[in-house]
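Okay, structure first, notes after.
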Amino acid sequence: MFPYLNIDMEKSIDEFIEINKKLSKGVKYMMDIKDLESDSTPKDISYTEDKMKLYHYKPQGKQVSKTPTLIVYALVNRQYMMDIQPDRSVIKKLLQSGLDLYIIDWGYPKQEDMYLTMDDYINGYINNAVDHILKTNNVDKVNLMGICQGGTFSSIYSALYPEKVKNLVTMVTPIDFDVDEGLLFKWGKHLNIDNMVDAYGVLPGDMMNSGYLMLKPFQLMLDKYVNLVDNIHKPDIMTNFIRMEKWIFDSPGQVGETLRQFVNDLYKDNKLVKGTLEIGDKKVDLKNITMPLLNIYAEYDHLVPPSSSSALNDLVSSTDKELASFSVGHIGMYVSSKSQKEIAPKLANWLLERE
């Protein structure tokens, strides 16, 4: 009597049964999961200072670069994003290409760290790590690779200590903060960071993470979980999904005085571009950057607008400088298929050509 209704009912029942099979299989897989390994590429602690650890990765290439490369990650997330899954590890790919890699792990700041400033991080921790690498390897210069906020710090460091940096690589790095793109840059100009720092000392990682999730609430808080149902029965996809979730919510607290200066001096006053930024007793002039520069940005970056990153090339004195873009997002720079096929090879080849 109602043929279309009968067909729809049968189809709905079949779909319901299929979804339940997927859910059942997925739940069983998740219950059997033990601790998922990330950050698993072999490495040793080479130097420590306070909460900071400097790791040295074991070489994997047939020939190893004469110039060691130091990776400086952002303070807001954990550096193992670059080594989050064995089959798409940027670190492993760079090592296999012949680079000699060091990376800074900033650790988890506590209340006793609340008064650390950008001076402590740049003139202190980063400079001490560089000096350790120079002495250990008996070389005069390092390659510096900065990621996101770590790229801002690396650019500042290279301007202050150009004699110690052979090549500078910046990735998804905010430089020009006077751009009218991206919610984070719009919010930053109006954020009452002074009240927040005075109240907390060290801002809780969960609070910071909630703010970042609000930048793309549908995609980051709803859509990905809805789409998960379609793949919950696939162990490989689920394993990498859980790895990513673990990284997203592994958010260190943020040292108040450093965050206060970063927001007030950069987001609000754009002092780095204006040439008025002071770190400790040193004024930062990006024109002091004369070494080769590779500046990489993500075309679909929701955190750091491409225009903020690309500005660096016009502010330095380097004659050997390149601006490269990839059709990925902020995180896709390190976990997408392009990170293995295009981005990591580009990085390695560019540095090795400038040995």
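Letters A, B, ... mark the chains of the structure tokens in the order given; residue numbers begin at 1 per chain; ligand numbers begin at 1, in order shown.
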Which residues of segment 63-124 of chain A sit at most 8 Å from segment 132-149 of chain A, using only C-alpha atoms? Give each one's shortest atom pair and distance in Å (one decimal place), in chain and ascending residue order, as CSV.
residue,atom,partner,partner_atom,distance
A:Thr67,CA,A:Val142,CA,5.8
A:Pro68,CA,A:Val142,CA,5.5
A:Thr69,CA,A:Asn143,CA,4.4
A:Leu70,CA,A:Leu144,CA,5.1
A:Ile71,CA,A:Met145,CA,4.7
A:Val72,CA,A:Gly146,CA,4.8
A:Tyr73,CA,A:Ile147,CA,4.9
A:Ala74,CA,A:Gln149,CA,4.6
A:Leu75,CA,A:Gln149,CA,7.1
DSSP helix (DSSP H, G or I) selection over segment 122-212 of chain A, as an NGL selection string: :A and (122-137 or 149-160 or 162-164 or 183-188 or 193-200 or 205-212)
Same residues, N, CA and C atoms, saved as a compact mmCIF listing (two decimals), in the first residue's frame:
# COMPACT_ATOMS: atom_id res chain seq x y z
N ILE A 122 64.44 33.57 25.51
CA ILE A 122 65.26 33.80 24.31
C ILE A 122 66.74 34.01 24.65
N ASN A 123 67.02 34.98 25.50
CA ASN A 123 68.42 35.23 25.89
C ASN A 123 68.93 34.19 26.88
N GLY A 124 67.99 33.49 27.52
CA GLY A 124 68.37 32.46 28.48
C GLY A 124 68.34 31.07 27.87
N TYR A 125 67.18 30.42 27.89
CA TYR A 125 67.07 29.02 27.52
C TYR A 125 67.52 28.73 26.08
N ILE A 126 67.01 29.50 25.11
CA ILE A 126 67.39 29.22 23.72
C ILE A 126 68.87 29.47 23.50
N ASN A 127 69.37 30.57 24.01
CA ASN A 127 70.80 30.86 23.83
C ASN A 127 71.69 29.83 24.51
N ASN A 128 71.29 29.38 25.68
CA ASN A 128 72.08 28.35 26.38
C ASN A 128 72.04 27.02 25.62
N ALA A 129 70.87 26.70 25.05
CA ALA A 129 70.77 25.47 24.25
C ALA A 129 71.66 25.56 23.02
N VAL A 130 71.64 26.71 22.35
CA VAL A 130 72.50 26.91 21.17
C VAL A 130 73.97 26.78 21.55
N ASP A 131 74.37 27.42 22.63
CA ASP A 131 75.77 27.35 23.07
C ASP A 131 76.18 25.91 23.39
N HIS A 132 75.27 25.16 23.99
CA HIS A 132 75.56 23.76 24.29
C HIS A 132 75.77 22.96 23.00
N ILE A 133 74.92 23.18 22.01
CA ILE A 133 75.04 22.47 20.74
C ILE A 133 76.34 22.85 20.03
N LEU A 134 76.68 24.13 20.05
CA LEU A 134 77.92 24.58 19.41
C LEU A 134 79.14 23.92 20.05
N LYS A 135 79.15 23.91 21.37
CA LYS A 135 80.28 23.33 22.08
C LYS A 135 80.35 21.82 21.87
N THR A 136 79.21 21.14 21.95
CA THR A 136 79.16 19.68 21.82
C THR A 136 79.63 19.23 20.44
N ASN A 137 79.28 20.00 19.41
CA ASN A 137 79.59 19.60 18.03
C ASN A 137 80.82 20.30 17.47
N GLN A 149 54.80 30.11 17.39
CA GLN A 149 55.39 31.05 18.32
C GLN A 149 56.89 30.81 18.45
N GLY A 150 57.30 29.55 18.33
CA GLY A 150 58.73 29.24 18.35
C GLY A 150 59.46 29.87 17.19
N GLY A 151 58.74 30.10 16.06
CA GLY A 151 59.33 30.80 14.93
C GLY A 151 59.50 32.28 15.22
N THR A 152 58.56 32.86 15.96
CA THR A 152 58.71 34.26 16.40
C THR A 152 59.94 34.38 17.29
N PHE A 153 60.07 33.47 18.26
CA PHE A 153 61.23 33.47 19.14
C PHE A 153 62.52 33.27 18.35
N SER A 154 62.48 32.37 17.36
CA SER A 154 63.68 32.08 16.56
C SER A 154 64.09 33.27 15.71
N SER A 155 63.10 33.99 15.19
CA SER A 155 63.40 35.19 14.41
C SER A 155 64.03 36.26 15.30
N ILE A 156 63.48 36.42 16.49
CA ILE A 156 64.05 37.38 17.44
C ILE A 156 65.47 36.96 17.80
N TYR A 157 65.66 35.67 18.08
CA TYR A 157 66.99 35.18 18.45
C TYR A 157 67.98 35.42 17.31
N SER A 158 67.57 35.15 16.08
CA SER A 158 68.47 35.31 14.93
C SER A 158 68.85 36.78 14.72
N ALA A 159 67.94 37.69 15.08
CA ALA A 159 68.25 39.12 14.99
C ALA A 159 69.22 39.56 16.09
N LEU A 160 69.14 38.90 17.24
CA LEU A 160 70.01 39.25 18.37
C LEU A 160 71.37 38.56 18.29
N PRO A 162 72.96 36.91 15.26
CA PRO A 162 73.12 36.44 13.88
C PRO A 162 74.41 35.66 13.66
N GLU A 163 75.40 35.91 14.49
CA GLU A 163 76.68 35.22 14.34
C GLU A 163 76.60 33.74 14.70
N LYS A 164 75.51 33.32 15.36
CA LYS A 164 75.37 31.92 15.79
C LYS A 164 74.43 31.11 14.90
N LEU A 183 40.48 35.15 13.82
CA LEU A 183 39.88 35.56 15.10
C LEU A 183 40.92 35.76 16.18
N LEU A 184 41.96 34.93 16.20
CA LEU A 184 42.98 35.04 17.25
C LEU A 184 43.64 36.41 17.21
N PHE A 185 43.93 36.91 16.02
CA PHE A 185 44.57 38.22 15.89
C PHE A 185 43.61 39.35 16.23
N LYS A 186 42.33 39.15 15.94
CA LYS A 186 41.33 40.16 16.30
C LYS A 186 41.11 40.19 17.81
N TRP A 187 41.00 39.00 18.42
CA TRP A 187 40.82 38.92 19.86
C TRP A 187 42.02 39.48 20.61
N GLY A 188 43.21 39.16 20.10
CA GLY A 188 44.43 39.55 20.80
C GLY A 188 44.55 41.04 21.03
N ILE A 193 44.89 41.05 28.96
CA ILE A 193 45.84 40.05 29.42
C ILE A 193 46.39 40.39 30.80
N ASP A 194 46.46 41.66 31.13
CA ASP A 194 47.01 42.06 32.44
C ASP A 194 46.18 41.50 33.58
N ASN A 195 44.85 41.61 33.48
CA ASN A 195 43.98 41.07 34.52
C ASN A 195 44.11 39.55 34.63
N MET A 196 44.21 38.89 33.48
CA MET A 196 44.32 37.43 33.49
C MET A 196 45.62 36.98 34.14
N VAL A 197 46.73 37.64 33.78
CA VAL A 197 48.03 37.27 34.35
C VAL A 197 48.06 37.58 35.85
N ASP A 198 47.53 38.74 36.23
CA ASP A 198 47.51 39.10 37.66
C ASP A 198 46.68 38.10 38.46
N ALA A 199 45.64 37.56 37.85
CA ALA A 199 44.76 36.63 38.56
C ALA A 199 45.35 35.24 38.67
N TYR A 200 46.01 34.77 37.61
CA TYR A 200 46.45 33.37 37.55
C TYR A 200 47.95 33.17 37.78
N GLY A 205 46.44 25.56 31.19
CA GLY A 205 46.45 25.08 29.82
C GLY A 205 45.06 24.80 29.29
N ASP A 206 44.17 24.28 30.13
CA ASP A 206 42.81 23.98 29.69
C ASP A 206 42.06 25.24 29.27
N MET A 207 42.31 26.33 29.99
CA MET A 207 41.64 27.58 29.64
C MET A 207 42.14 28.10 28.29
N MET A 208 43.46 28.02 28.08
CA MET A 208 44.02 28.45 26.81
C MET A 208 43.49 27.58 25.67
N ASN A 209 43.44 26.28 25.92
CA ASN A 209 42.99 25.35 24.88
C ASN A 209 41.54 25.61 24.50
N SER A 210 40.71 25.92 25.49
CA SER A 210 39.29 26.22 25.21
C SER A 210 39.17 27.42 24.29
N GLY A 211 40.04 28.41 24.49
CA GLY A 211 40.02 29.59 23.63
C GLY A 211 40.37 29.25 22.19
N TYR A 212 41.35 28.37 22.00
CA TYR A 212 41.75 27.98 20.65
C TYR A 212 40.64 27.17 19.97
Non-local contacts of Lys51 of chain A (10 Å; only C-alpha atoms; under 4 positions in same chain excluded) as an MDAnalysis selection string: chainID A and resid 105:110 113 125
Need to verify the contact set: Phe326 of chain A, 10 Å, only C-alpha atoms, exclusion of same-chain residues closer than 4 positions in sequence. Can you return it as a PyMOL selection string? chain A and resi 296-300+332-333+338-339+342-343
Expected file contents, prior selection, N, CA and C atoms, as a JSON list (two decimals), in the first residue's frame:
[["chain", "number", "residue", "atom", "x", "y", "z"],
["A", 296, "ILE", "N", 58.02, 29.38, 5.65],
["A", 296, "ILE", "CA", 56.94, 28.51, 5.16],
["A", 296, "ILE", "C", 55.63, 28.85, 5.87],
["A", 297, "TYR", "N", 54.57, 29.00, 5.09],
["A", 297, "TYR", "CA", 53.26, 29.23, 5.70],
["A", 297, "TYR", "C", 52.22, 28.28, 5.12],
["A", 298, "ALA", "N", 51.12, 28.11, 5.86],
["A", 298, "ALA", "CA", 50.02, 27.23, 5.45],
["A", 298, "ALA", "C", 48.90, 28.08, 4.87],
["A", 299, "GLU", "N", 48.45, 27.72, 3.67],
["A", 299, "GLU", "CA", 47.44, 28.52, 2.99],
["A", 299, "GLU", "C", 46.09, 28.54, 3.72],
["A", 300, "TYR", "N", 45.79, 27.46, 4.49],
["A", 300, "TYR", "CA", 44.50, 27.37, 5.17],
["A", 300, "TYR", "C", 44.67, 27.44, 6.69],
["A", 332, "GLY", "N", 48.02, 20.57, 9.73],
["A", 332, "GLY", "CA", 48.28, 19.74, 8.56],
["A", 332, "GLY", "C", 49.71, 19.86, 8.05],
["A", 333, "MET", "N", 50.38, 20.94, 8.43],
["A", 333, "MET", "CA", 51.78, 21.11, 8.06],
["A", 333, "MET", "C", 52.64, 19.95, 8.57],
["A", 338, "LYS", "N", 50.96, 15.60, 2.71],
["A", 338, "LYS", "CA", 51.90, 16.56, 2.14],
["A", 338, "LYS", "C", 53.12, 16.76, 3.02],
["A", 339, "SER", "N", 52.95, 16.58, 4.34],
["A", 339, "SER", "CA", 54.09, 16.76, 5.25],
["A", 339, "SER", "C", 55.20, 15.77, 4.93],
["A", 342, "GLU", "N", 55.99, 16.39, 0.51],
["A", 342, "GLU", "CA", 56.44, 17.68, 0.00],
["A", 342, "GLU", "C", 57.18, 18.54, 1.03],
["A", 343, "ILE", "N", 56.59, 18.68, 2.22],
["A", 343, "ILE", "CA", 57.10, 19.68, 3.16],
["A", 343, "ILE", "C", 58.43, 19.26, 3.78]]
Set the distance at 7 Å and use only C-alpha atoms: which residues neighbour Ala311 of chain A once local chain neighbours fewer than 4 positions away are removed? I'd like the list as a ChimeraX atom specification. /A:175-176,307,315
So that I can check the surroundings of Asn295 of chain A, please list as a ChimeraX atom specification every protein, DNA and RNA residue that reaches within 9 Å of it, counting only C-alpha atoms and ignoring chain neighbours fewer than 6 positions away. /A:168-173,309-310,312-313,321-325
Based on the backbone DSSP call, show me all residues of segment 81-226 of chain A assigned strand (DSSP E), as an MDAnalysis selection string. chainID A and resid 101:105 142:147 165:171 202:203
Just to be explicit: take each residue in the selection above, keep N, CA, C and O atoms, and write the result as an mmCIF file, in the first residue's frame.
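Okay, this is what ended up in selection32.cif:
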data_model
loop_
_atom_site.group_PDB
_atom_site.id
_atom_site.type_symbol
_atom_site.label_atom_id
_atom_site.label_comp_id
_atom_site.auth_asym_id
_atom_site.auth_seq_id
_atom_site.Cartn_x
_atom_site.Cartn_y
_atom_site.Cartn_z
ATOM 1 N N LEU A 101 69.356 16.544 14.215
ATOM 2 C CA LEU A 101 68.294 17.310 14.856
ATOM 3 C C LEU A 101 68.372 17.352 16.372
ATOM 4 O O LEU A 101 68.597 16.335 17.034
ATOM 5 N N TYR A 102 68.142 18.552 16.894
ATOM 6 C CA TYR A 102 67.894 18.789 18.317
ATOM 7 C C TYR A 102 66.520 19.445 18.428
ATOM 8 O O TYR A 102 66.081 20.150 17.511
ATOM 9 N N ILE A 103 65.838 19.222 19.545
ATOM 10 C CA ILE A 103 64.545 19.871 19.760
ATOM 11 C C ILE A 103 64.390 20.242 21.226
ATOM 12 O O ILE A 103 64.850 19.519 22.120
ATOM 13 N N ILE A 104 63.780 21.400 21.468
ATOM 14 C CA ILE A 104 63.539 21.861 22.833
ATOM 15 C C ILE A 104 62.159 21.392 23.297
ATOM 16 O O ILE A 104 61.157 21.583 22.606
ATOM 17 N N ASP A 105 62.130 20.776 24.466
ATOM 18 C CA ASP A 105 60.882 20.441 25.155
ATOM 19 C C ASP A 105 60.755 21.422 26.311
ATOM 20 O O ASP A 105 61.559 21.393 27.259
ATOM 21 N N VAL A 142 74.554 27.125 14.171
ATOM 22 C CA VAL A 142 73.512 26.099 14.057
ATOM 23 C C VAL A 142 72.492 26.557 13.022
ATOM 24 O O VAL A 142 72.392 27.741 12.702
ATOM 25 N N ASN A 143 71.737 25.591 12.494
ATOM 26 C CA ASN A 143 70.509 25.925 11.781
ATOM 27 C C ASN A 143 69.406 26.066 12.817
ATOM 28 O O ASN A 143 69.338 25.283 13.767
ATOM 29 N N LEU A 144 68.552 27.054 12.647
ATOM 30 C CA LEU A 144 67.459 27.275 13.594
ATOM 31 C C LEU A 144 66.130 27.110 12.857
ATOM 32 O O LEU A 144 65.908 27.739 11.810
ATOM 33 N N MET A 145 65.270 26.239 13.389
ATOM 34 C CA MET A 145 63.958 25.989 12.793
ATOM 35 C C MET A 145 62.893 26.302 13.839
ATOM 36 O O MET A 145 62.798 25.629 14.864
ATOM 37 N N GLY A 146 62.103 27.338 13.605
ATOM 38 C CA GLY A 146 61.099 27.758 14.571
ATOM 39 C C GLY A 146 59.693 27.458 14.103
ATOM 40 O O GLY A 146 59.347 27.702 12.942
ATOM 41 N N ILE A 147 58.868 26.937 15.014
ATOM 42 C CA ILE A 147 57.497 26.528 14.697
ATOM 43 C C ILE A 147 56.505 27.439 15.416
ATOM 44 O O ILE A 147 56.531 27.547 16.648
ATOM 45 N N VAL A 165 73.786 31.763 13.941
ATOM 46 C CA VAL A 165 72.766 31.089 13.130
ATOM 47 C C VAL A 165 73.214 31.026 11.674
ATOM 48 O O VAL A 165 73.422 32.065 11.032
ATOM 49 N N LYS A 166 73.357 29.818 11.142
ATOM 50 C CA LYS A 166 73.781 29.641 9.755
ATOM 51 C C LYS A 166 72.609 29.786 8.795
ATOM 52 O O LYS A 166 72.691 30.476 7.785
ATOM 53 N N ASN A 167 71.501 29.118 9.095
ATOM 54 C CA ASN A 167 70.279 29.198 8.282
ATOM 55 C C ASN A 167 69.072 29.283 9.208
ATOM 56 O O ASN A 167 69.045 28.627 10.256
ATOM 57 N N LEU A 168 68.080 30.064 8.810
ATOM 58 C CA LEU A 168 66.864 30.220 9.602
ATOM 59 C C LEU A 168 65.673 29.682 8.816
ATOM 60 O O LEU A 168 65.460 30.068 7.661
ATOM 61 N N VAL A 169 64.917 28.798 9.452
ATOM 62 C CA VAL A 169 63.670 28.290 8.877
ATOM 63 C C VAL A 169 62.531 28.660 9.819
ATOM 64 O O VAL A 169 62.597 28.368 11.021
ATOM 65 N N THR A 170 61.509 29.297 9.289
ATOM 66 C CA THR A 170 60.318 29.612 10.088
ATOM 67 C C THR A 170 59.119 28.922 9.453
ATOM 68 O O THR A 170 58.972 28.905 8.231
ATOM 69 N N MET A 171 58.249 28.363 10.297
ATOM 70 C CA MET A 171 57.071 27.649 9.803
ATOM 71 C C MET A 171 55.835 28.153 10.541
ATOM 72 O O MET A 171 55.837 28.246 11.769
ATOM 73 N N VAL A 202 50.285 31.746 36.295
ATOM 74 C CA VAL A 202 50.463 30.832 35.160
ATOM 75 C C VAL A 202 49.067 30.466 34.674
ATOM 76 O O VAL A 202 48.287 29.859 35.409
ATOM 77 N N LEU A 203 48.738 30.852 33.439
ATOM 78 C CA LEU A 203 47.391 30.606 32.929
ATOM 79 C C LEU A 203 47.199 29.121 32.656
ATOM 80 O O LEU A 203 48.048 28.494 32.011
#
Looking at A:Val64, A:Val179, A:Val76, A:Met291, which one is nearest to Pro252 of chain A, with distances taken over only C-alpha atoms?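 Smallest separation from Pro252 of chain A among the options: A:Val76.
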Between A:Leu94, A:Met114, A:Met81, A:Leu191, which residue has the minimum interatomic distance to Glu257 of chain A, considering only C-alpha atoms? A:Met114
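Separating atom CA of Lys346 of chain A from atom CA of Ile331 of chain A is a distance of 17.2 Å.
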Which is closer to Asp180 of chain A than all the others in A:Gly61, A:Trp350, A:Tyr267, A:Ser327, using only C-alpha atoms? A:Tyr267
By how many Å are atom CA of Val304 of chain A and atom CA of Asp178 of chain A apart?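 One can read the atom CA of Val304 of chain A to atom CA of Asp178 of chain A distance as 11.9 Å.
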